[in-house]
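Below: the structure, in structure tokens.
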Protein chains: 4
Amino acid sequence: MIKVAIIGASGYTGVESIEILLRHPEAELTYLTALPEECGHVAETFKQLKGRLDMEIEPLDLDKLSKKADVALCCLPHKVSMGFVPKLLKAGVKVIDFSADYRLKNLDVYEKYYQKHTDPENLAKAVFGLPELFREKIKGVDLVANPGCYPTGALLAIAPLLSKGLIETKGIIVNSVTGVSGGGKNPSPVFHYPNMNENILPYAVGSHRHMPEMEQIASEVAGEAVEILFQPHVGPFDRGILSSVYSDPKKELSQKELSDLYNDFYKDEQFVVVLKSPPAVKNVAKGNYCHVYPTVAKGKVICFSAIDNLIKGASGQAIQNMNIIFGLDETLGIA
Amino acid sequence: MIKVAIIGASGYTGVESIEILLRHPEAELTYLTALPEECGHVAETFKQLKGRLDMEIEPLDLDKLSKKADVALCCLPHKVSMGFVPKLLKAGVKVIDFSADYRLKNLDVYEKYYQKHTDPENLAKAVFGLPELFREKIKGVDLVANPGCYPTGALLAIAPLLSKGLIETKGIIVNSVTGVSGGGKNPSPVFHYPNMNENILPYAVGSHRHMPEMEQIASEVAGEAVEILFQPHVGPFDRGILSSVYSDPKKELSQKELSDLYNDFYKDEQFVVVLKSPPAVKNVAKGNYCHVYPTVAKGKVICFSAIDNLIKGASGQAIQNMNIIFGLDETLGIA
Amino acid sequence: MIKVAIIGASGYTGVESIEILLRHPEAELTYLTALPEECGHVAETFKQLKGRLDMEIEPLDLDKLSKKADVALCCLPHKVSMGFVPKLLKAGVKVIDFSADYRLKNLDVYEKYYQKHTDPENLAKAVFGLPELFREKIKGVDLVANPGCYPTGALLAIAPLLSKGLIETKGIIVNSVTGVSGGGKNPSPVFHYPNMNENILPYAVGSHRHMPEMEQIASEVAGEAVEILFQPHVGPFDRGILSSVYSDPKKELSQKELSDLYNDFYKDEQFVVVLKSPPAVKNVAKGNYCHVYPTVAKGKVICFSAIDNLIKGASGQAIQNMNIIFGLDETLGIA
Amino acid sequence: MIKVAIIGASGYTGVESIEILLRHPEAELTYLTALPEECGHVAETFKQLKGRLDMEIEPLDLDKLSKKADVALCCLPHKVSMGFVPKLLKAGVKVIDFSADYRLKNLDVYEKYYQKHTDPENLAKAVFGLPELFREKIKGVDLVANPGCYPTGALLAIAPLLSKGLIETKGIIVNSVTGVSGGGKNPSPVFHYPNMNENILPYAVGSHRHMPEMEQIASEVAGEAVEILFQPHVGPFDRGILSSVYSDPKKELSQKELSDLYNDFYKDEQFVVVLKSPPAVKNVAKGNYCHVYPTVAKGKVICFSAIDNLIKGASGQAIQNMNIIFGLDETLGIA
């Protein structure tokens, strides 16, 4: 049994990770931590765990961590995470970090979108944890940067095209709509029910932090610099991200060519399903699956993808990464 | 034209009142006030007013009020309101108060559920503004206590039965479900979208402040002490209250007797519609109407009512009261 | 491994059962049937199963059933089910029937609410599958009548009180709100999204078929005839039933007495959680748990319960029953 | 008073038109028609009208129409409408047609997306009723083709840019999300509450009928052929369309240039509001307003627009057109 700690267990990705681990046959939750003011019985913080999990959320103690866990899921927010990850690694556990702090390899880009990076050493070693693209690198590694929710959906939608050089690397548009859980657990005027219900809105125009993340990985896949305009929206539902990705094919592509390309690219992937018609977020909610549908329209290639932002876009993918790191069946707990 | 001020214009009942007044042919908004930190252009606070209303929300100035307004809709919260109402009245305007501060005639009851009352003098003069029951008293009065949202729906549901002495005055149960706007504009963990969406929950068990309000008016209608167990719930929708009111008939009542009773009781009422089948909150949303359906089942009388909590349960009823006070057609702005 | 067939697999309870069985370590799905026009690949009917389950839904063939399955989950609608259950039993499989056809022991009552019963012989043998009340009878039995969704929630809410004779057996009111999935998969004007969204409404006043079911079991628990007025409502959410159950205590009960009673009554139950504050349906969604909260208010006892109507109210409870019948750990697949 | 008939009054655009006309000070509803099976008291079809409108919906009688109405709002579906409009015109009333039948000037395009056109004569005379672009042509005309909901939002978003020739006329992408009321009143599996709730999905990829409509008007505004890829999605809310329109500027544009352009273009428009930050559909729900926000990001111009699909996208715009045709204040009933 792999012993798993969750650092920053009091938020949405924390409880999703807990739910998955409760069903995982070869891993066990051994340690839950949070800020002191968020500590207490886990089922008081998350009432859906009542009668299901009898554990305390405790302030982080690195000695305890060292003794109790083989791996830490670090669910801290960006900018905070990099203050803890070096200590977690020193405590001798492997780390799957949910924040953006170890995703952007280019320090200048990180520092433009976030702030000064305080742990460039580990950043250099971290592997971007999108298994469908980087599985081999993830095996056995000490530090995985778990991808952002939007990049997960967008990259799975266009990786096949980019990897084969079939689309222009400029002018790609990623238009995404996320459910409200993507905004986290803290109340705010925008996400107050009477504001968000019956509403949909764009935000972070031209400035979302997931844009450079998408570009970095897309460029790596394409082997050349890729430019993406990413536009997020938030809509009135709990879970899921629908991405509609528009690009220009270098030469005309038929529906059959596209379908063949995607079916081939994802033929060994358990968690990516290539559809023959557009996806719907409800069909991937609460699961680790990504539904993709590539098609052509008016001279453009459009690729749609749907994921659950908290599962394939966060906690499920983290467990998938954990399974890979430790050489387990990749689908344990999340199939 | 009646000149209307809104005191405490920055919340949900404020903007509902504004929306109604924009359509009112014989009233005009002349003054909007709020706490200093909530002041500014009204269309910045309420973006739905952009291009529709060019006014500032200002800190309250009693001289200005005195000069600019004939009537003030006082949308302040309970316990705050009674600090302002005496000053508003002294400024020479009529006041329609949305808070609970002038509803409970029994000071002990008020002080049990709220706090020490600081304006018993005006409390004694205030008229409970449920026009269907107290229209004559409202005409020309200086201070109206606009009813609570739950009491409005519950009282309209059972007033006919109580007024005729047809039900037991003990053991009445009012089971209500409100939309989330009933909780106001301030973000909170319960009303955070990902918590409240796909949810429904009871709250304030045995202790809701609207219970004594219902009992006071029900007793007045019945001519004897009425005991009500009021149980509120909140559900995942913006607007509306559905009340299911259970009571014990003193003698068996037929459906026809009930229908005749209600049709007769409300025969001159524009805003109460007696249905032949159960109501649905969507049919009263955004309007000043109350749909009621009385019926019998298993020896009990059940009366259902549906209102929009922000309109018939607050701002619409306030305008209805304003129309009555000033001798206007009661339906202006709200039909 | 227990081999499980699902008869009538094309509806909501069918797919919920499938989802649970995919996670069940000691059971395997072997056979899915439906009406001919609903047959085809299961992942075309339920796109959420794409990449997860590669099976056909086929027309029922009793020989095949006999060879392929140890137990059949019969998800057919009431009145249809009793035409099939005798054949399923003859084919040598145990049957867990989701319909109402084997729940009401009194034929007159069944025939008043449904139609002439065509299988009284098996009706007499069927066990009502509410494990928390009838676990011992369920072990090894051939035919379980899986309880209705509303009765599950209501009965778990009041069984402790009835079993100890602490409340009056007349005048009990069960006020419930269900999510829309309770109405099944067939489109209708009421459940059309733009009608049901932002709506809540009562229905089946005094006439819901789950009322006699509640009364039968409540009477069995109480040891005397119990009369219940059950009033269902439907609200704008997918899953869950919140029941607010009002009753009259024979003598005054303290909160402590109530809490002790419930904690004791359910002390060995994995799936019933006694809360110290009101439940919320979101906390039980997607799980087999029932949250109950008994309390006192204004001389009444109020017991709230929350379940997922499709899990504890249908498919989860069926698997719980299956686990009991076959002597497995009761929580397999549903913990 | 202008006398108004509604032809096909039993659907969503019918009742929205009724609601508006009930508030219109210079128009009165005189005649409501529908298919015989949809006739009856209007408040039985639309229970929200109970106590508010006492009229029958009747089968269409052209003589009656001729006597009772000055103008007919024709709310029939496309392909049906062109069978009626010639008769309505012959009956001597002006017609505002909600269908697509009189919008596409190019018969080949119409017949590709719909079917053979049976009324080319009136098609030639019809004016496209987008007042912000074609106000002068609408005045006094006999037949207005009321624009589609999606084209209204998309065209208002990009008209200023196209009219000044500032963007490339190829490669424009209109990514829109509509509320479910856009799909009409008929129940269907997709719009069944438990399917559509918590869901969002693209549809009609590359083939939506509003695409050629957008292209026709955009080309007219630009003075050259414009090519648009229009991708609709449907999300879990009742009302509203959010459009995110991506285009390539011919030369770099600053935020200030864009803002100035839009503010100038719409400076005399009551119903178009140019925002300084992204719009939200909730802010335009239930109103005739269009909120637009033009901006630049990563070398693209993005223009967002939000409308209520049933008001500015249908019934409100029809009344706006009616007001213009008859020389009334354009905002009557809809401000």
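To be explicit about the labels: the chains of the structure tokens are called A, B, and onward in the order shown, and within each one the residues are counted from 1, while ligands get numbers from 1 in the order they are shown.
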If you count only C-alpha atoms, which residues fall within 7 Å of Ile7 (chain A), apart from same-chain ones fewer than 5 positions away, as number ranges by chain?
A: 32-34, 72-76
Please identify every residue of chain D that has at least one atom no farther than 6 Å from an atom of chain C, counting only C-alpha atoms, and for each give the shortest atom pair and the distance in Å to one decimal, arranged by chain then increasing number, as CSV.
```
residue,atom,partner,partner_atom,distance
D:Ser181,CA,C:Pro194,CA,5.8
D:Pro187,CA,C:His192,CA,5.2
D:Ser188,CA,C:Pro187,CA,5.5
D:Pro189,CA,C:Pro187,CA,5.7
D:Phe191,CA,C:Tyr193,CA,5.6
D:His192,CA,C:His192,CA,4.9
D:Tyr193,CA,C:Tyr193,CA,4.3
D:Pro194,CA,C:Asp238,CA,5.5
D:Asp238,CA,C:Pro194,CA,5.5
```
Could you take the residues named above and write them with N, CA and C atoms, as a PDB file, in the first residue's frame?
```
ATOM      1  N   SER D 181     -33.788  28.166 -23.460  1.00  0.00           N
ATOM      2  CA  SER D 181     -35.035  28.633 -24.064  1.00  0.00           C
ATOM      3  C   SER D 181     -34.872  28.845 -25.559  1.00  0.00           C
ATOM      4  N   PRO D 187     -40.428  19.546 -25.451  1.00  0.00           N
ATOM      5  CA  PRO D 187     -39.521  18.651 -24.721  1.00  0.00           C
ATOM      6  C   PRO D 187     -38.706  17.782 -25.675  1.00  0.00           C
ATOM      7  N   SER D 188     -37.496  17.467 -25.282  1.00  0.00           N
ATOM      8  CA  SER D 188     -36.638  16.598 -26.086  1.00  0.00           C
ATOM      9  C   SER D 188     -35.616  15.979 -25.148  1.00  0.00           C
ATOM     10  N   PRO D 189     -35.012  14.875 -25.555  1.00  0.00           N
ATOM     11  CA  PRO D 189     -34.011  14.246 -24.672  1.00  0.00           C
ATOM     12  C   PRO D 189     -32.858  15.173 -24.299  1.00  0.00           C
ATOM     13  N   PHE D 191     -32.837  18.432 -23.994  1.00  0.00           N
ATOM     14  CA  PHE D 191     -33.241  19.520 -23.107  1.00  0.00           C
ATOM     15  C   PHE D 191     -34.060  19.031 -21.910  1.00  0.00           C
ATOM     16  N   HIS D 192     -34.108  17.733 -21.730  1.00  0.00           N
ATOM     17  CA  HIS D 192     -34.704  17.161 -20.514  1.00  0.00           C
ATOM     18  C   HIS D 192     -33.842  17.629 -19.337  1.00  0.00           C
ATOM     19  N   TYR D 193     -34.481  18.112 -18.289  1.00  0.00           N
ATOM     20  CA  TYR D 193     -33.720  18.739 -17.203  1.00  0.00           C
ATOM     21  C   TYR D 193     -32.510  17.925 -16.746  1.00  0.00           C
ATOM     22  N   PRO D 194     -32.691  16.625 -16.452  1.00  0.00           N
ATOM     23  CA  PRO D 194     -31.518  15.895 -15.930  1.00  0.00           C
ATOM     24  C   PRO D 194     -30.403  15.701 -16.962  1.00  0.00           C
ATOM     25  N   ASP D 238     -31.607  29.566 -18.499  1.00  0.00           N
ATOM     26  CA  ASP D 238     -32.816  29.790 -19.280  1.00  0.00           C
ATOM     27  C   ASP D 238     -32.605  30.736 -20.445  1.00  0.00           C
TER      28      ASP D 238
END
```
Excluding Glu26 (chain D) and residues on its chain fewer than 5 positions from it, collect all residues at most 8 Å away from it, counting only C-alpha atoms, and give them as number ranges by chain.
D: 1-2, 332
For the alpha helix (DSSP H) assignment from backbone DSSP, which residues of region 145-329 of chain A qualify? Please present them as a VMD selection string.
chain A and resid 149 to 163 193 to 196 210 to 222 255 to 265 316 to 325
I need the residues of region 40-206 of chain B that end up classed as strand (DSSP E or B) by DSSP on the backbone, written out as a PDB file with N, CA, C and O atoms, in the first residue's frame.
```pdb
ATOM      1  N   GLY B  40     -21.616  55.459  -5.234  1.00  0.00           N
ATOM      2  CA  GLY B  40     -21.060  55.521  -6.579  1.00  0.00           C
ATOM      3  C   GLY B  40     -22.199  55.445  -7.577  1.00  0.00           C
ATOM      4  O   GLY B  40     -23.374  55.447  -7.194  1.00  0.00           O
ATOM      5  N   HIS B  41     -21.843  55.370  -8.854  1.00  0.00           N
ATOM      6  CA  HIS B  41     -22.890  55.334  -9.878  1.00  0.00           C
ATOM      7  C   HIS B  41     -23.704  54.051  -9.722  1.00  0.00           C
ATOM      8  O   HIS B  41     -23.156  52.967  -9.581  1.00  0.00           O
ATOM      9  N   GLU B  56     -26.485  58.668  -9.064  1.00  0.00           N
ATOM     10  CA  GLU B  56     -25.490  58.279  -8.076  1.00  0.00           C
ATOM     11  C   GLU B  56     -26.190  57.723  -6.833  1.00  0.00           C
ATOM     12  O   GLU B  56     -27.260  58.205  -6.448  1.00  0.00           O
ATOM     13  N   ILE B  57     -25.575  56.737  -6.222  1.00  0.00           N
ATOM     14  CA  ILE B  57     -25.970  56.362  -4.862  1.00  0.00           C
ATOM     15  C   ILE B  57     -25.098  57.205  -3.936  1.00  0.00           C
ATOM     16  O   ILE B  57     -23.866  57.234  -4.082  1.00  0.00           O
ATOM     17  N   GLU B  58     -25.742  57.880  -3.008  1.00  0.00           N
ATOM     18  CA  GLU B  58     -25.025  58.842  -2.168  1.00  0.00           C
ATOM     19  C   GLU B  58     -25.168  58.487  -0.693  1.00  0.00           C
ATOM     20  O   GLU B  58     -26.115  57.803  -0.316  1.00  0.00           O
ATOM     21  N   VAL B  71     -41.507  60.061  -0.180  1.00  0.00           N
ATOM     22  CA  VAL B  71     -41.569  58.777   0.499  1.00  0.00           C
ATOM     23  C   VAL B  71     -40.204  58.113   0.413  1.00  0.00           C
ATOM     24  O   VAL B  71     -39.492  58.266  -0.589  1.00  0.00           O
ATOM     25  N   ALA B  72     -39.854  57.412   1.452  1.00  0.00           N
ATOM     26  CA  ALA B  72     -38.603  56.664   1.457  1.00  0.00           C
ATOM     27  C   ALA B  72     -38.896  55.173   1.577  1.00  0.00           C
ATOM     28  O   ALA B  72     -39.627  54.755   2.481  1.00  0.00           O
ATOM     29  N   LEU B  73     -38.322  54.394   0.655  1.00  0.00           N
ATOM     30  CA  LEU B  73     -38.305  52.953   0.823  1.00  0.00           C
ATOM     31  C   LEU B  73     -37.047  52.650   1.616  1.00  0.00           C
ATOM     32  O   LEU B  73     -35.932  52.875   1.135  1.00  0.00           O
ATOM     33  N   CYS B  74     -37.237  52.181   2.826  1.00  0.00           N
ATOM     34  CA  CYS B  74     -36.080  51.966   3.685  1.00  0.00           C
ATOM     35  C   CYS B  74     -35.687  50.488   3.624  1.00  0.00           C
ATOM     36  O   CYS B  74     -36.334  49.634   4.221  1.00  0.00           O
ATOM     37  N   LYS B  94     -42.857  60.020   4.129  1.00  0.00           N
ATOM     38  CA  LYS B  94     -43.478  58.775   4.558  1.00  0.00           C
ATOM     39  C   LYS B  94     -42.444  57.659   4.397  1.00  0.00           C
ATOM     40  O   LYS B  94     -41.536  57.749   3.563  1.00  0.00           O
ATOM     41  N   VAL B  95     -42.588  56.618   5.206  1.00  0.00           N
ATOM     42  CA  VAL B  95     -41.581  55.566   5.198  1.00  0.00           C
ATOM     43  C   VAL B  95     -42.229  54.193   5.019  1.00  0.00           C
ATOM     44  O   VAL B  95     -43.190  53.860   5.721  1.00  0.00           O
ATOM     45  N   ILE B  96     -41.696  53.462   4.073  1.00  0.00           N
ATOM     46  CA  ILE B  96     -42.064  52.048   3.952  1.00  0.00           C
ATOM     47  C   ILE B  96     -40.802  51.275   4.307  1.00  0.00           C
ATOM     48  O   ILE B  96     -39.795  51.332   3.592  1.00  0.00           O
ATOM     49  N   ASP B  97     -40.868  50.611   5.441  1.00  0.00           N
ATOM     50  CA  ASP B  97     -39.669  49.991   5.994  1.00  0.00           C
ATOM     51  C   ASP B  97     -39.647  48.491   5.679  1.00  0.00           C
ATOM     52  O   ASP B  97     -40.583  47.767   6.004  1.00  0.00           O
ATOM     53  N   VAL B 127     -48.083  50.429  10.527  1.00  0.00           N
ATOM     54  CA  VAL B 127     -49.111  49.518  10.018  1.00  0.00           C
ATOM     55  C   VAL B 127     -48.427  48.389   9.260  1.00  0.00           C
ATOM     56  O   VAL B 127     -47.499  48.619   8.473  1.00  0.00           O
ATOM     57  N   PHE B 128     -48.872  47.168   9.501  1.00  0.00           N
ATOM     58  CA  PHE B 128     -48.310  46.005   8.814  1.00  0.00           C
ATOM     59  C   PHE B 128     -48.821  46.008   7.367  1.00  0.00           C
ATOM     60  O   PHE B 128     -50.030  45.925   7.122  1.00  0.00           O
ATOM     61  N   LEU B 143     -46.046  55.407   8.306  1.00  0.00           N
ATOM     62  CA  LEU B 143     -45.030  54.361   8.420  1.00  0.00           C
ATOM     63  C   LEU B 143     -45.655  52.993   8.188  1.00  0.00           C
ATOM     64  O   LEU B 143     -46.545  52.576   8.956  1.00  0.00           O
ATOM     65  N   VAL B 144     -45.183  52.331   7.157  1.00  0.00           N
ATOM     66  CA  VAL B 144     -45.634  50.976   6.879  1.00  0.00           C
ATOM     67  C   VAL B 144     -44.489  50.016   7.163  1.00  0.00           C
ATOM     68  O   VAL B 144     -43.356  50.242   6.732  1.00  0.00           O
ATOM     69  N   ALA B 145     -44.802  48.963   7.911  1.00  0.00           N
ATOM     70  CA  ALA B 145     -43.837  47.870   8.075  1.00  0.00           C
ATOM     71  C   ALA B 145     -44.115  46.869   6.964  1.00  0.00           C
ATOM     72  O   ALA B 145     -45.111  46.153   7.006  1.00  0.00           O
ATOM     73  N   ILE B 167     -60.058  26.275  10.839  1.00  0.00           N
ATOM     74  CA  ILE B 167     -58.975  25.349  11.195  1.00  0.00           C
ATOM     75  C   ILE B 167     -58.560  25.538  12.653  1.00  0.00           C
ATOM     76  O   ILE B 167     -58.775  26.595  13.250  1.00  0.00           O
ATOM     77  N   ILE B 172     -50.384  24.224  13.289  1.00  0.00           N
ATOM     78  CA  ILE B 172     -50.193  24.626  11.895  1.00  0.00           C
ATOM     79  C   ILE B 172     -48.704  24.532  11.549  1.00  0.00           C
ATOM     80  O   ILE B 172     -47.847  24.979  12.312  1.00  0.00           O
ATOM     81  N   ILE B 173     -48.435  23.927  10.410  1.00  0.00           N
ATOM     82  CA  ILE B 173     -47.046  23.800   9.961  1.00  0.00           C
ATOM     83  C   ILE B 173     -46.885  24.539   8.647  1.00  0.00           C
ATOM     84  O   ILE B 173     -47.627  24.301   7.692  1.00  0.00           O
ATOM     85  N   VAL B 174     -45.910  25.431   8.602  1.00  0.00           N
ATOM     86  CA  VAL B 174     -45.577  26.138   7.368  1.00  0.00           C
ATOM     87  C   VAL B 174     -44.203  25.643   6.921  1.00  0.00           C
ATOM     88  O   VAL B 174     -43.193  25.938   7.567  1.00  0.00           O
ATOM     89  N   ASN B 175     -44.194  24.865   5.867  1.00  0.00           N
ATOM     90  CA  ASN B 175     -42.939  24.333   5.319  1.00  0.00           C
ATOM     91  C   ASN B 175     -42.642  25.131   4.049  1.00  0.00           C
ATOM     92  O   ASN B 175     -43.395  25.066   3.074  1.00  0.00           O
ATOM     93  N   SER B 176     -41.567  25.903   4.057  1.00  0.00           N
ATOM     94  CA  SER B 176     -41.290  26.798   2.932  1.00  0.00           C
ATOM     95  C   SER B 176     -39.918  26.531   2.336  1.00  0.00           C
ATOM     96  O   SER B 176     -39.002  26.113   3.044  1.00  0.00           O
ATOM     97  N   VAL B 177     -39.825  26.774   1.050  1.00  0.00           N
ATOM     98  CA  VAL B 177     -38.534  26.723   0.362  1.00  0.00           C
ATOM     99  C   VAL B 177     -38.330  28.046  -0.351  1.00  0.00           C
ATOM    100  O   VAL B 177     -39.169  28.458  -1.160  1.00  0.00           O
ATOM    101  N   THR B 178     -37.236  28.706  -0.068  1.00  0.00           N
ATOM    102  CA  THR B 178     -36.948  29.988  -0.709  1.00  0.00           C
ATOM    103  C   THR B 178     -35.810  29.853  -1.697  1.00  0.00           C
ATOM    104  O   THR B 178     -34.960  28.970  -1.568  1.00  0.00           O
ATOM    105  N   HIS B 192     -22.201  30.107  -1.572  1.00  0.00           N
ATOM    106  CA  HIS B 192     -21.192  30.008  -2.631  1.00  0.00           C
ATOM    107  C   HIS B 192     -21.746  29.043  -3.680  1.00  0.00           C
ATOM    108  O   HIS B 192     -22.270  27.977  -3.337  1.00  0.00           O
ATOM    109  N   LEU B 201     -31.579  22.579   1.558  1.00  0.00           N
ATOM    110  CA  LEU B 201     -31.334  22.323   2.978  1.00  0.00           C
ATOM    111  C   LEU B 201     -32.290  23.112   3.859  1.00  0.00           C
ATOM    112  O   LEU B 201     -32.688  24.219   3.524  1.00  0.00           O
ATOM    113  N   PRO B 202     -32.653  22.535   5.000  1.00  0.00           N
ATOM    114  CA  PRO B 202     -33.415  23.278   5.996  1.00  0.00           C
ATOM    115  C   PRO B 202     -32.454  24.141   6.816  1.00  0.00           C
ATOM    116  O   PRO B 202     -31.255  23.852   6.871  1.00  0.00           O
TER     117      PRO B 202
END
```
To one decimal in Å, tell me the separation between CA of Leu65 (chain A) and CA of Ala318 (chain A).
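Separation of CA of Leu65 (chain A) and CA of Ala318 (chain A): 18.5 Å.
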Counting only C-alpha atoms, what is within 12 Å of Met214 (chain B), bar same-chain residues fewer than 2 positions away, as a PyMOL selection string?
chain B and resi 100+103-104+128+130+147-159+172-174+208-212+216-222+225-231
For region 43-46 of chain D, please output as a list in words all residues within 8 Å (counting only C-alpha atoms; exclusion window: fewer than 6 positions along the same chain).
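Neighbouring residues, sequence-local ones excluded: Ser10, Val15, Leu53, Asp54 and Met55 of chain D.
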Export, as a compact mmCIF listing (two decimals), in the first residue's frame, the selected residues with N, CA, C and O atoms.
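selection-v5.txt written:
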```
# COMPACT_ATOMS: atom_id res chain seq x y z
N SER D 10 -48.43 30.46 -28.90
CA SER D 10 -48.33 29.44 -27.83
C SER D 10 -46.91 29.05 -27.46
O SER D 10 -46.72 28.18 -26.62
N VAL D 15 -45.23 34.28 -25.66
CA VAL D 15 -45.51 34.78 -24.31
C VAL D 15 -44.60 35.96 -23.95
O VAL D 15 -45.01 36.88 -23.23
N LEU D 53 -54.17 38.50 -17.79
CA LEU D 53 -54.66 38.65 -19.16
C LEU D 53 -55.79 37.66 -19.37
O LEU D 53 -55.61 36.46 -19.23
N ASP D 54 -56.94 38.19 -19.75
CA ASP D 54 -58.12 37.36 -19.94
C ASP D 54 -58.46 37.31 -21.43
O ASP D 54 -59.28 38.07 -21.92
N MET D 55 -57.72 36.45 -22.13
CA MET D 55 -57.95 36.34 -23.59
C MET D 55 -57.87 34.88 -23.99
O MET D 55 -57.20 34.08 -23.35
```
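In terms of minimum interatomic distance to His233 (chain C), C:Gly206 ranks closest within C:Gly206, C:Pro36, C:Gly171, C:Gly140, counting only C-alpha atoms.
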Can you work out the spacing between CA of Pro232 (chain A) and CA of Pro278 (chain D) in Å, to one decimal?
11.5 Å
